[in-house]
$ cat model-v2.pdb   # PDB, C-alpha atoms
ATOM      1  CA  MET A   1      71.467 154.212  22.912
ATOM      2  CA  ARG A   2      74.337 152.319  24.464
ATOM      3  CA  ILE A   3      77.176 152.039  22.012
ATOM      4  CA  GLU A   4      77.596 148.392  22.902
ATOM      5  CA  ASP A   5      74.002 147.690  21.781
ATOM      6  CA  LEU A   6      74.318 148.957  18.212
ATOM      7  CA  THR A   7      73.283 146.392  15.590
ATOM      8  CA  ALA A   8      75.446 145.389  12.619
ATOM      9  CA  MET A   9      73.242 147.445  10.252
ATOM     10  CA  GLN A  10      73.446 150.491  12.526
ATOM     11  CA  LEU A  11      77.228 150.242  12.699
ATOM     12  CA  ASP A  12      77.320 149.867   8.931
ATOM     13  CA  ALA A  13      75.113 152.946   8.472
ATOM     14  CA  LEU A  14      77.389 154.966  10.765
ATOM     15  CA  ARG A  15      80.427 153.848   8.809
ATOM     16  CA  GLU A  16      78.742 155.027   5.609
ATOM     17  CA  VAL A  17      77.930 158.369   7.258
ATOM     18  CA  GLY A  18      81.646 158.722   7.958
ATOM     19  CA  SER A  19      82.534 157.671   4.459
ATOM     20  CA  ILE A  20      80.267 160.280   2.877
ATOM     21  CA  GLY A  21      81.417 163.012   5.258
ATOM     22  CA  ALA A  22      85.051 162.171   4.618
ATOM     23  CA  GLY A  23      84.565 162.006   0.847
ATOM     24  CA  HIS A  24      83.252 165.555   0.841
ATOM     25  CA  ALA A  25      85.980 166.736   3.204
ATOM     26  CA  ALA A  26      88.559 165.182   0.844
ATOM     27  CA  THR A  27      87.006 167.070  -2.066
ATOM     28  CA  ALA A  28      87.288 170.329  -0.114
ATOM     29  CA  LEU A  29      90.891 169.544   0.841
ATOM     30  CA  SER A  30      91.830 168.700  -2.745
ATOM     31  CA  GLN A  31      90.440 172.059  -3.854
ATOM     32  CA  LEU A  32      92.307 173.906  -1.109
ATOM     33  CA  VAL A  33      95.702 172.367  -1.830
ATOM     34  CA  ASP A  34      95.173 171.619  -5.532
ATOM     35  CA  HIS A  35      96.273 167.995  -5.207
ATOM     36  CA  ARG A  36      94.358 164.786  -5.509
ATOM     37  CA  ILE A  37      93.484 163.471  -2.034
ATOM     38  CA  ASP A  38      92.783 159.798  -1.407
ATOM     39  CA  LEU A  39      90.888 158.221   1.444
ATOM     40  CA  GLU A  40      91.300 154.999   3.309
ATOM     41  CA  VAL A  41      88.133 153.005   3.881
ATOM     42  CA  PRO A  42      86.735 154.642   7.044
ATOM     43  CA  GLN A  43      87.091 152.687  10.243
ATOM     44  CA  LEU A  44      84.424 152.554  12.872
ATOM     45  CA  GLU A  45      85.933 151.563  16.140
ATOM     46  CA  LEU A  46      84.562 150.830  19.528
ATOM     47  CA  LEU A  47      87.515 151.376  21.827
ATOM     48  CA  PRO A  48      88.139 151.600  25.537
ATOM     49  CA  ILE A  49      88.607 155.343  26.164
ATOM     50  CA  GLY A  50      92.114 154.757  27.458
ATOM     51  CA  SER A  51      93.389 153.218  24.245
ATOM     52  CA  VAL A  52      92.116 155.957  21.911
ATOM     53  CA  PRO A  53      95.507 157.790  21.792
ATOM     54  CA  ASP A  54      97.157 154.597  20.490
ATOM     55  CA  VAL A  55      95.484 155.376  17.171
ATOM     56  CA  PHE A  56      98.187 158.037  16.727
ATOM     57  CA  GLY A  57     101.082 155.938  17.895
ATOM     58  CA  GLY A  58     100.694 156.532  21.610
ATOM     59  CA  PRO A  59      99.517 159.199  24.044
ATOM     60  CA  GLU A  60     102.752 161.154  23.786
ATOM     61  CA  THR A  61     102.761 161.656  19.994
ATOM     62  CA  LEU A  62     102.754 165.361  19.155
ATOM     63  CA  VAL A  63      99.805 166.263  16.931
ATOM     64  CA  GLY A  64      98.096 169.334  15.605
ATOM     65  CA  ALA A  65      94.370 169.160  16.311
ATOM     66  CA  VAL A  66      91.342 171.271  15.584
ATOM     67  CA  TYR A  67      88.136 170.613  17.450
ATOM     68  CA  ASP A  68      84.698 171.782  16.348
ATOM     69  CA  ARG A  69      81.513 171.274  18.300
ATOM     70  CA  MET A  70      78.425 170.423  16.260
ATOM     71  CA  LEU A  71      75.367 172.610  16.780
ATOM     72  CA  GLY A  72      71.767 172.135  15.730
ATOM     73  CA  ASP A  73      70.038 168.768  15.434
ATOM     74  CA  LEU A  74      73.170 166.803  16.363
ATOM     75  CA  GLY A  75      75.488 167.344  19.307
ATOM     76  CA  GLY A  76      79.008 166.095  19.682
ATOM     77  CA  GLY A  77      82.109 167.064  17.875
ATOM     78  CA  LEU A  78      84.397 166.792  14.922
ATOM     79  CA  LEU A  79      88.086 166.440  15.495
ATOM     80  CA  PHE A  80      90.720 166.973  12.851
ATOM     81  CA  VAL A  81      94.106 165.537  13.805
ATOM     82  CA  ALA A  82      97.335 165.553  11.840
ATOM     83  CA  PRO A  83     100.804 164.561  13.016
ATOM     84  CA  ARG A  84     103.034 167.605  13.490
ATOM     85  CA  ASP A  85     104.883 167.170  10.162
ATOM     86  CA  SER A  86     101.694 166.751   8.148
ATOM     87  CA  SER A  87     100.184 169.826   9.796
ATOM     88  CA  LEU A  88     103.187 171.853   8.709
ATOM     89  CA  ALA A  89     103.053 170.325   5.209
ATOM     90  CA  LEU A  90      99.418 171.437   4.934
ATOM     91  CA  VAL A  91     100.436 174.972   5.795
ATOM     92  CA  ASP A  92     103.060 174.913   3.013
ATOM     93  CA  LEU A  93     100.593 173.511   0.489
ATOM     94  CA  MET A  94      98.076 176.202   1.391
ATOM     95  CA  ARG A  95     100.711 178.871   0.874
ATOM     96  CA  ASN A  96     101.841 177.290  -2.389
ATOM     97  CA  ARG A  97     105.454 176.786  -1.350
ATOM     98  CA  PRO A  98     107.646 173.657  -1.085
ATOM     99  CA  VAL A  99     106.732 171.208   1.645
ATOM    100  CA  GLY A 100     109.314 171.527   4.422
ATOM    101  CA  THR A 101     109.382 175.338   4.408
ATOM    102  CA  ALA A 102     107.309 175.718   7.592
ATOM    103  CA  LYS A 103     109.418 174.517  10.527
ATOM    104  CA  SER A 104     107.350 175.357  13.571
ATOM    105  CA  PHE A 105     103.934 176.521  14.697
ATOM    106  CA  GLY A 106     103.411 180.247  15.060
ATOM    107  CA  THR A 107     100.213 182.258  15.084
ATOM    108  CA  GLU A 108     100.020 182.200  11.308
ATOM    109  CA  GLU A 109     100.442 178.417  11.042
ATOM    110  CA  GLU A 110      97.823 177.847  13.722
ATOM    111  CA  ALA A 111      95.401 180.142  11.929
ATOM    112  CA  MET A 112      96.014 178.352   8.637
ATOM    113  CA  ILE A 113      95.458 174.847  10.045
ATOM    114  CA  THR A 114      92.363 176.003  11.909
ATOM    115  CA  HIS A 115      91.043 177.499   8.676
ATOM    116  CA  VAL A 116      91.664 174.260   6.718
ATOM    117  CA  ALA A 117      90.117 172.095   9.422
ATOM    118  CA  SER A 118      87.039 174.294   9.712
ATOM    119  CA  ILE A 119      86.430 174.041   5.953
ATOM    120  CA  LEU A 120      86.800 170.240   6.135
ATOM    121  CA  ALA A 121      84.444 170.106   9.104
ATOM    122  CA  ALA A 122      81.890 172.258   7.294
ATOM    123  CA  SER A 123      81.889 170.013   4.209
ATOM    124  CA  TYR A 124      81.798 166.914   6.405
ATOM    125  CA  VAL A 125      78.731 167.991   8.384
ATOM    126  CA  ALA A 126      76.994 169.516   5.364
ATOM    127  CA  SER A 127      77.022 166.168   3.570
ATOM    128  CA  ILE A 128      75.771 164.326   6.673
ATOM    129  CA  ALA A 129      73.057 166.945   7.095
ATOM    130  CA  ARG A 130      71.910 166.353   3.500
ATOM    131  CA  LEU A 131      72.041 162.572   3.885
ATOM    132  CA  ALA A 132      69.979 162.550   7.087
ATOM    133  CA  ASP A 133      67.957 165.687   6.335
ATOM    134  CA  LEU A 134      69.077 167.427   9.523
ATOM    135  CA  ASN A 135      70.310 170.891  10.381
ATOM    136  CA  ILE A 136      73.873 170.690  11.649
ATOM    137  CA  LEU A 137      76.429 173.457  11.860
ATOM    138  CA  PRO A 138      79.978 173.399  13.137
ATOM    139  CA  ALA A 139      80.717 175.873  15.959
ATOM    140  CA  LYS A 140      83.847 177.970  16.275
ATOM    141  CA  PRO A 141      86.931 175.752  15.920
ATOM    142  CA  SER A 142      89.797 175.683  18.382
ATOM    143  CA  PHE A 143      93.373 174.611  17.738
ATOM    144  CA  ALA A 144      95.853 172.775  19.953
ATOM    145  CA  LEU A 145      99.348 171.458  19.381
ATOM    146  CA  ASP A 146      99.743 168.894  22.103
ATOM    147  CA  MET A 147     100.209 165.252  22.905
ATOM    148  CA  ALA A 148      97.527 163.011  21.399
ATOM    149  CA  GLY A 149      96.587 161.698  24.834
ATOM    150  CA  ALA A 150      95.925 165.136  26.248
ATOM    151  CA  ILE A 151      93.851 166.272  23.267
ATOM    152  CA  LEU A 152      91.638 163.195  23.160
ATOM    153  CA  GLU A 153      91.084 163.353  26.904
ATOM    154  CA  VAL A 154      89.784 166.900  26.681
ATOM    155  CA  VAL A 155      87.562 166.162  23.688
ATOM    156  CA  THR A 156      86.001 162.944  24.974
ATOM    157  CA  ALA A 157      85.313 164.623  28.325
ATOM    158  CA  GLU A 158      83.692 167.602  26.656
ATOM    159  CA  ILE A 159      81.204 165.652  24.555
ATOM    160  CA  GLY A 160      80.205 163.524  27.504
ATOM    161  CA  MET A 161      81.751 160.224  26.575
ATOM    162  CA  ARG A 162      81.511 159.074  30.131
ATOM    163  CA  ALA A 163      81.088 155.467  29.166
ATOM    164  CA  GLU A 164      84.002 153.083  29.252
ATOM    165  CA  ASN A 165      84.062 152.808  25.485
ATOM    166  CA  ALA A 166      84.242 155.428  22.764
ATOM    167  CA  LEU A 167      82.791 155.179  19.277
ATOM    168  CA  LEU A 168      85.286 156.615  16.854
ATOM    169  CA  LEU A 169      84.632 157.098  13.198
ATOM    170  CA  ARG A 170      88.039 157.741  11.736
ATOM    171  CA  THR A 171      89.179 158.421   8.220
ATOM    172  CA  ARG A 172      92.699 158.861   6.980
ATOM    173  CA  PHE A 173      93.397 161.268   4.138
ATOM    174  CA  PHE A 174      96.560 160.958   2.175
ATOM    175  CA  SER A 175      98.137 162.193  -0.978
ATOM    176  CA  GLU A 176     100.797 160.362  -2.947
ATOM    177  CA  GLU A 177     102.226 163.571  -4.336
ATOM    178  CA  THR A 178     102.747 165.070  -0.896
ATOM    179  CA  THR A 179     103.090 164.015   2.693
ATOM    180  CA  VAL A 180      99.727 164.906   4.127
ATOM    181  CA  ASP A 181      98.464 162.354   6.554
ATOM    182  CA  ALA A 182      95.442 163.481   8.506
ATOM    183  CA  TYR A 183      92.515 162.012  10.371
ATOM    184  CA  MET A 184      88.987 163.196  10.829
ATOM    185  CA  PHE A 185      86.974 161.927  13.783
ATOM    186  CA  PHE A 186      83.210 162.168  13.906
ATOM    187  CA  LEU A 187      82.119 161.982  17.526
ATOM    188  CA  PRO A 188      78.363 162.261  17.985
ATOM    189  CA  ASP A 189      77.274 162.388  21.600
ATOM    190  CA  PRO A 190      75.236 159.370  22.782
ATOM    191  CA  ASP A 191      71.815 161.095  22.451
ATOM    192  CA  SER A 192      72.614 162.269  18.946
ATOM    193  CA  LEU A 193      73.346 158.739  17.830
ATOM    194  CA  ASP A 194      69.658 157.933  18.333
ATOM    195  CA  VAL A 195      68.606 160.984  16.337
ATOM    196  CA  LEU A 196      70.972 160.193  13.485
ATOM    197  CA  LEU A 197      70.089 156.503  13.276
ATOM    198  CA  GLY A 198      66.391 157.377  13.434
ATOM    199  CA  ARG A 199      66.721 159.740  10.488
ATOM    200  CA  LEU A 200      68.574 157.096   8.519
ATOM    201  CA  GLY A 201      65.797 154.585   9.188
ATOM    202  CA  VAL A 202      67.950 152.040  11.011
ATOM    203  CA  VAL A 203      66.488 152.182  14.527
TER     204      VAL A 203
ATOM    205  CA  MET B   1      61.997 142.314 -19.463
ATOM    206  CA  SER B   2      63.257 144.166 -16.388
ATOM    207  CA  SER B   3      66.784 145.512 -16.463
ATOM    208  CA  THR B   4      69.272 143.981 -14.050
ATOM    209  CA  VAL B   5      71.480 146.235 -11.939
ATOM    210  CA  LEU B   6      74.547 145.156  -9.974
ATOM    211  CA  VAL B   7      74.808 147.440  -6.924
ATOM    212  CA  VAL B   8      78.373 147.598  -5.610
ATOM    213  CA  ASP B   9      79.121 149.168  -2.233
ATOM    214  CA  ASP B  10      80.975 147.954   0.847
ATOM    215  CA  ALA B  11      78.269 149.456   3.085
ATOM    216  CA  ALA B  12      75.226 147.204   3.433
ATOM    217  CA  PHE B  13      73.291 150.329   4.426
ATOM    218  CA  MET B  14      74.055 152.032   1.113
ATOM    219  CA  ARG B  15      73.285 148.893  -0.923
ATOM    220  CA  MET B  16      69.941 148.744   0.875
ATOM    221  CA  MET B  17      69.174 152.396   0.041
ATOM    222  CA  ILE B  18      69.978 151.965  -3.651
ATOM    223  CA  ARG B  19      68.223 148.589  -3.840
ATOM    224  CA  ASP B  20      65.045 150.061  -2.297
ATOM    225  CA  ILE B  21      65.011 152.945  -4.768
ATOM    226  CA  LEU B  22      65.544 150.739  -7.824
ATOM    227  CA  ALA B  23      63.519 147.666  -6.818
ATOM    228  CA  LYS B  24      60.390 149.819  -6.430
ATOM    229  CA  GLU B  25      60.681 150.672 -10.108
ATOM    230  CA  GLY B  26      60.961 147.020 -11.104
ATOM    231  CA  TYR B  27      64.695 146.682 -11.583
ATOM    232  CA  VAL B  28      66.198 143.312 -10.686
ATOM    233  CA  ILE B  29      68.995 143.901  -8.177
ATOM    234  CA  HIS B  30      72.173 141.950  -7.505
ATOM    235  CA  GLU B  31      74.760 143.071  -4.985
ATOM    236  CA  ALA B  32      78.529 143.002  -4.614
ATOM    237  CA  VAL B  33      80.473 144.069  -1.528
ATOM    238  CA  ASN B  34      83.769 145.318  -3.001
ATOM    239  CA  GLY B  35      85.575 145.792  -6.311
ATOM    240  CA  ARG B  36      86.848 142.224  -6.513
ATOM    241  CA  ASP B  37      83.377 140.837  -5.842
ATOM    242  CA  ALA B  38      81.966 143.227  -8.475
ATOM    243  CA  VAL B  39      84.324 141.944 -11.181
ATOM    244  CA  ASP B  40      83.431 138.318 -10.359
ATOM    245  CA  LYS B  41      79.688 138.979 -10.208
ATOM    246  CA  TYR B  42      79.784 140.984 -13.433
ATOM    247  CA  GLU B  43      81.259 138.007 -15.315
ATOM    248  CA  GLU B  44      78.691 135.708 -13.782
ATOM    249  CA  ILE B  45      75.541 137.828 -14.152
ATOM    250  CA  HIS B  46      76.295 140.247 -17.014
ATOM    251  CA  PRO B  47      73.950 142.920 -15.620
ATOM    252  CA  ASP B  48      72.585 145.724 -17.786
ATOM    253  CA  LEU B  49      74.146 148.305 -15.450
ATOM    254  CA  VAL B  50      76.604 148.456 -12.555
ATOM    255  CA  THR B  51      76.446 151.135  -9.832
ATOM    256  CA  LEU B  52      79.937 151.356  -8.407
ATOM    257  CA  ASP B  53      81.252 152.954  -5.214
ATOM    258  CA  ILE B  54      84.903 154.073  -5.184
ATOM    259  CA  THR B  55      86.286 153.801  -1.633
ATOM    260  CA  MET B  56      86.048 150.079  -0.847
ATOM    261  CA  PRO B  57      88.289 147.421   0.713
ATOM    262  CA  GLU B  58      89.930 144.618  -1.337
ATOM    263  CA  MET B  59      89.666 146.521  -4.612
ATOM    264  CA  ASN B  60      88.499 150.099  -5.109
ATOM    265  CA  GLY B  61      85.840 151.112  -7.618
ATOM    266  CA  LEU B  62      88.194 152.708 -10.136
ATOM    267  CA  ASP B  63      90.254 149.516 -10.471
ATOM    268  CA  ALA B  64      87.076 147.439 -10.683
ATOM    269  CA  LEU B  65      85.728 149.769 -13.382
ATOM    270  CA  ARG B  66      88.838 149.174 -15.511
ATOM    271  CA  LEU B  67      88.692 145.394 -15.100
ATOM    272  CA  ILE B  68      84.979 145.228 -15.871
ATOM    273  CA  ARG B  69      85.436 147.366 -18.994
ATOM    274  CA  ASP B  70      88.480 145.331 -20.067
ATOM    275  CA  GLY B  71      86.383 142.177 -19.886
ATOM    276  CA  ASP B  72      83.346 143.766 -21.543
ATOM    277  CA  PRO B  73      83.913 147.025 -23.453
ATOM    278  CA  GLN B  74      80.110 147.406 -23.685
ATOM    279  CA  ALA B  75      79.669 147.369 -19.877
ATOM    280  CA  ARG B  76      77.504 150.172 -18.524
ATOM    281  CA  VAL B  77      78.904 151.531 -15.266
ATOM    282  CA  LEU B  78      77.563 154.384 -13.144
ATOM    283  CA  MET B  79      79.885 155.608 -10.388
ATOM    284  CA  VAL B  80      78.150 156.411  -7.070
ATOM    285  CA  SER B  81      80.595 157.917  -4.619
ATOM    286  CA  ALA B  82      81.104 160.679  -2.076
ATOM    287  CA  MET B  83      84.520 161.292  -3.645
ATOM    288  CA  GLY B  84      83.446 164.145  -5.895
ATOM    289  CA  GLN B  85      86.919 165.478  -6.704
ATOM    290  CA  GLN B  86      87.159 166.778 -10.241
ATOM    291  CA  LYS B  87      90.261 164.676 -11.005
ATOM    292  CA  MET B  88      88.573 161.511  -9.801
ATOM    293  CA  ILE B  89      85.414 162.157 -11.818
ATOM    294  CA  VAL B  90      87.495 162.765 -14.953
ATOM    295  CA  GLU B  91      89.528 159.603 -14.274
ATOM    296  CA  ALA B  92      86.344 157.530 -13.943
ATOM    297  CA  LEU B  93      84.777 158.971 -17.094
ATOM    298  CA  GLU B  94      87.986 158.417 -19.041
ATOM    299  CA  ALA B  95      88.068 154.818 -17.827
ATOM    300  CA  GLY B  96      84.622 154.323 -19.337
ATOM    301  CA  ALA B  97      82.091 155.200 -16.642
ATOM    302  CA  MET B  98      78.890 156.585 -18.182
ATOM    303  CA  ASP B  99      78.063 159.010 -15.384
ATOM    304  CA  PHE B 100      78.971 159.961 -11.831
ATOM    305  CA  LEU B 101      76.525 160.418  -8.938
ATOM    306  CA  VAL B 102      77.840 162.116  -5.809
ATOM    307  CA  LYS B 103      76.530 160.787  -2.471
ATOM    308  CA  PRO B 104      74.348 161.766  -0.731
ATOM    309  CA  PHE B 105      71.774 161.638  -3.508
ATOM    310  CA  GLN B 106      68.062 162.187  -3.998
ATOM    311  CA  PRO B 107      66.138 159.031  -5.017
ATOM    312  CA  THR B 108      64.702 160.814  -8.059
ATOM    313  CA  LYS B 109      68.219 161.683  -9.224
ATOM    314  CA  VAL B 110      69.262 158.010  -8.934
ATOM    315  CA  LEU B 111      66.285 156.834 -10.981
ATOM    316  CA  GLU B 112      66.793 159.528 -13.580
ATOM    317  CA  THR B 113      70.509 158.755 -13.991
ATOM    318  CA  VAL B 114      70.041 154.976 -14.078
ATOM    319  CA  LYS B 115      67.350 155.365 -16.735
ATOM    320  CA  LYS B 116      69.569 157.665 -18.781
ATOM    321  CA  CYS B 117      72.519 155.241 -18.596
ATOM    322  CA  LEU B 118      70.340 152.321 -19.712
ATOM    323  CA  GLN B 119      69.057 154.307 -22.685
ATOM    324  CA  THR B 120      72.528 155.340 -23.796
ATOM    325  CA  THR B 121      74.660 153.138 -26.020
ATOM    326  CA  PRO B 122      77.909 152.303 -24.231
ATOM    327  CA  HIS B 123      81.088 153.588 -25.847
TER     328      HIS B 123
END
$ encode --input "model-v2.pdb" --output "structure tokens"
Amino acid sequence: MRIEDLTAMQLDALREVGSIGAGHAATALSQLVDHRIDLEVPQLELLPIGSVPDVFGGPETLVGAVYDRMLGDLGGGLLFVAPRDSSLALVDLMRNRPVGTAKSFGTEEEAMITHVASILAASYVASIARLADLNILPAKPSFALDMAGAILEVVTAEIGMRAENALLLRTRFFSEETTVDAYMFFLPDPDSLDVLLGRLGVV
Amino acid sequence: MSSTVLVVDDAAFMRMMIRDILAKEGYVIHEAVNGRDAVDKYEEIHPDLVTLDITMPEMNGLDALRLIRDGDPQARVLMVSAMGQQKMIVEALEAGAMDFLVKPFQPTKVLETVKKCLQTTPH
């Protein structure tokens, strides 16, 4: 399936997939940090690969990112991205201490963010698996603190987004009580799009 | 007479899923595409039940729930959302929702819950 050929109903179904995945990830996050977490209406974007980093304010923005490959009936990946400050705020919330305590990324902070992101990824794919009646598991997550441009380049290359355009399903989580601002990207590889849409009955 | 249900979701795909499940059982379905549209359609149609998503553009489902119940304290509203956070479920029930279905759902669960809501007197 060429991304450019998706019908309006197929795009809508994919957006709903993202919405359900993100809703469950938000529930998991709210349980982890014991705060209410809100979601923006998920955005499904068809972007030229080169402009993907602009989503985060430009290719040079420093972000914390955790990438998980999907295994099983769907291939592709899940990418959790949070600006540096929000990543550190998440670490503080997880450790039940005032936001602003963590100042930099050490081994412990990396482990904590990777742990949070892997739980979000697991709830995200579990809900999609139930919706589409598929077996999907996240693989071992990996963490990087780097410029948004560098991270997205590595990820899009790895899942074989060789086309000129990338399909990004992005959701922003936020909490009014705190300063968590994070994004979850669902990036099925092109073959898996067919599988997913077929299972949802919108071929 | 068949019961009328107003299905509210910003995703056409999800409205189609719910409509297919309910229409097969003889329910008459109307649709709204966001919270604002739901409030307007409710006043126009006065359905027997509203199924209401939460995360939607223009107006979210929780705000729409409050406006619908302000206009008609007897309105029957069933929340259908992937946002299954305890605090959000409690907020919806306190605002007058009769029940809360977490997406993704089984068709039998939808039918069962809709039937239960229609048989219950709104409070």
$ resolve_selection --input "model-v2.pdb" --expression "the PyMOL selection byres ((chain B) within 8 of (chain A))" --output "PyMOL selection string"
chain B and resi 11-14+55-57+81-85+87-88+103-105
$ resolve_selection --input "model-v2.pdb" --expression "the PyMOL selection byres ((chain B and resi 74) around 10)" --output "list of chain:residue names"
B:Asp48, B:Ile68, B:Arg69, B:Asp70, B:Gly71, B:Asp72, B:Pro73, B:Ala75, B:Arg76, B:Val77, B:Gly96, B:Thr121, B:Pro122, B:His123
$ resolve_selection --input "model-v2.pdb" --expression "the PyMOL selection byres ((chain B and resi 108-111) around 12)" --output "VMD selection string"
chain B and resid 5 17 to 27 51 78 to 80 99 to 107 112 to 118
$ write_last_selection --input "model-v2.pdb" --atoms "C-alpha atoms" --output "PDB file, in the coordinates of the input"
ATOM      1  CA  VAL B   5      71.480 146.235 -11.939  1.00  0.00           C
ATOM      2  CA  MET B  17      69.174 152.396   0.041  1.00  0.00           C
ATOM      3  CA  ILE B  18      69.978 151.965  -3.651  1.00  0.00           C
ATOM      4  CA  ARG B  19      68.223 148.589  -3.840  1.00  0.00           C
ATOM      5  CA  ASP B  20      65.045 150.061  -2.297  1.00  0.00           C
ATOM      6  CA  ILE B  21      65.011 152.945  -4.768  1.00  0.00           C
ATOM      7  CA  LEU B  22      65.544 150.739  -7.824  1.00  0.00           C
ATOM      8  CA  ALA B  23      63.519 147.666  -6.818  1.00  0.00           C
ATOM      9  CA  LYS B  24      60.390 149.819  -6.430  1.00  0.00           C
ATOM     10  CA  GLU B  25      60.681 150.672 -10.108  1.00  0.00           C
ATOM     11  CA  GLY B  26      60.961 147.020 -11.104  1.00  0.00           C
ATOM     12  CA  TYR B  27      64.695 146.682 -11.583  1.00  0.00           C
ATOM     13  CA  THR B  51      76.446 151.135  -9.832  1.00  0.00           C
ATOM     14  CA  LEU B  78      77.563 154.384 -13.144  1.00  0.00           C
ATOM     15  CA  MET B  79      79.885 155.608 -10.388  1.00  0.00           C
ATOM     16  CA  VAL B  80      78.150 156.411  -7.070  1.00  0.00           C
ATOM     17  CA  ASP B  99      78.063 159.010 -15.384  1.00  0.00           C
ATOM     18  CA  PHE B 100      78.971 159.961 -11.831  1.00  0.00           C
ATOM     19  CA  LEU B 101      76.525 160.418  -8.938  1.00  0.00           C
ATOM     20  CA  VAL B 102      77.840 162.116  -5.809  1.00  0.00           C
ATOM     21  CA  LYS B 103      76.530 160.787  -2.471  1.00  0.00           C
ATOM     22  CA  PRO B 104      74.348 161.766  -0.731  1.00  0.00           C
ATOM     23  CA  PHE B 105      71.774 161.638  -3.508  1.00  0.00           C
ATOM     24  CA  GLN B 106      68.062 162.187  -3.998  1.00  0.00           C
ATOM     25  CA  PRO B 107      66.138 159.031  -5.017  1.00  0.00           C
ATOM     26  CA  GLU B 112      66.793 159.528 -13.580  1.00  0.00           C
ATOM     27  CA  THR B 113      70.509 158.755 -13.991  1.00  0.00           C
ATOM     28  CA  VAL B 114      70.041 154.976 -14.078  1.00  0.00           C
ATOM     29  CA  LYS B 115      67.350 155.365 -16.735  1.00  0.00           C
ATOM     30  CA  LYS B 116      69.569 157.665 -18.781  1.00  0.00           C
ATOM     31  CA  CYS B 117      72.519 155.241 -18.596  1.00  0.00           C
ATOM     32  CA  LEU B 118      70.340 152.321 -19.712  1.00  0.00           C
TER      33      LEU B 118
END
$ atom_distance --input "model-v2.pdb" --atom1 "CA of Ser87 (chain A)" --atom2 "CA of Leu62 (chain A)"
10.7 Å
$ atom_distance --input "model-v2.pdb" --atom1 "CA of Thr107 (chain A)" --atom2 "CA of Gly57 (chain A)"
26.5 Å
$ atom_distance --input "model-v2.pdb" --atom1 "CA of Val125 (chain A)" --atom2 "CA of Val81 (chain A)"
16.5 Å
$ closest_residue --input "model-v2.pdb" --among "B:His30, B:Asp40, B:Ala95, B:Ile45" --to "Asp63 (chain B)" --atoms "only C-alpha atoms"
B:Ala95
$ closest_residue --input "model-v2.pdb" --among "A:Gly18, A:Val55, A:Val63, A:Val91" --to "Val33 (chain A)" --atoms "all atoms listed in the file"
A:Val91
$ residues_around --input "model-v2.pdb" --residues "Glu153 (chain A)" --least-positions-apart "2" --cutoff "10 Å" --atoms "only C-alpha atoms" --output "JSON, numbers by chain"
{"A": [49, 50, 52, 53, 59, 148, 149, 150, 151, 155, 156, 157, 158, 161]}
$ residues_around --input "model-v2.pdb" --residues "Asp85 (chain A)" --least-positions-apart "3" --cutoff "9 Å" --atoms "all atoms listed in the file" --output "list in words"
Val63, Gly64, Ala82, Leu88, Ala89, Leu90, Gly100, Lys103, Thr179, Val180 and Asp181 of chain A
$ write_last_selection --input "model-v2.pdb" --atoms "C-alpha atoms" --output "compact mmCIF listing (two decimals), keeping the file's coordinate frame"
# COMPACT_ATOMS: atom_id res chain seq x y z
CA VAL A 63 99.80 166.26 16.93
CA GLY A 64 98.10 169.33 15.60
CA ALA A 82 97.34 165.55 11.84
CA LEU A 88 103.19 171.85 8.71
CA ALA A 89 103.05 170.32 5.21
CA LEU A 90 99.42 171.44 4.93
CA GLY A 100 109.31 171.53 4.42
CA LYS A 103 109.42 174.52 10.53
CA THR A 179 103.09 164.02 2.69
CA VAL A 180 99.73 164.91 4.13
CA ASP A 181 98.46 162.35 6.55
$ decode --input "model-v2.pdb" --residues "region 67-91 of chain B" --atoms "C-alpha atoms" --output "mmCIF file, in the first residue's frame"
data_model
loop_
_atom_site.group_PDB
_atom_site.id
_atom_site.type_symbol
_atom_site.label_atom_id
_atom_site.label_comp_id
_atom_site.auth_asym_id
_atom_site.auth_seq_id
_atom_site.Cartn_x
_atom_site.Cartn_y
_atom_site.Cartn_z
ATOM 1 C CA LEU B 67 -24.301 20.601 28.363
ATOM 2 C CA ILE B 68 -26.607 17.798 27.252
ATOM 3 C CA ARG B 69 -27.514 16.986 30.864
ATOM 4 C CA ASP B 70 -28.002 20.681 31.682
ATOM 5 C CA GLY B 71 -30.487 20.940 28.829
ATOM 6 C CA ASP B 72 -32.195 17.638 29.646
ATOM 7 C CA PRO B 73 -31.584 16.176 33.122
ATOM 8 C CA GLN B 74 -33.253 12.945 31.921
ATOM 9 C CA ALA B 75 -30.731 12.460 29.075
ATOM 10 C CA ARG B 76 -29.240 8.979 28.881
ATOM 11 C CA VAL B 77 -25.548 9.120 28.003
ATOM 12 C CA LEU B 78 -23.108 6.229 27.648
ATOM 13 C CA MET B 79 -19.435 7.202 27.425
ATOM 14 C CA VAL B 80 -17.400 5.200 24.872
ATOM 15 C CA SER B 81 -13.742 6.111 25.076
ATOM 16 C CA ALA B 82 -10.218 4.721 25.148
ATOM 17 C CA MET B 83 -9.491 7.115 28.020
ATOM 18 C CA GLY B 84 -10.075 4.618 30.809
ATOM 19 C CA GLN B 85 -8.393 6.584 33.601
ATOM 20 C CA GLN B 86 -10.139 6.129 36.918
ATOM 21 C CA LYS B 87 -10.414 9.896 37.506
ATOM 22 C CA MET B 88 -11.986 10.444 34.108
ATOM 23 C CA ILE B 89 -14.509 7.636 34.569
ATOM 24 C CA VAL B 90 -15.508 9.042 37.968
ATOM 25 C CA GLU B 91 -15.788 12.552 36.487
#
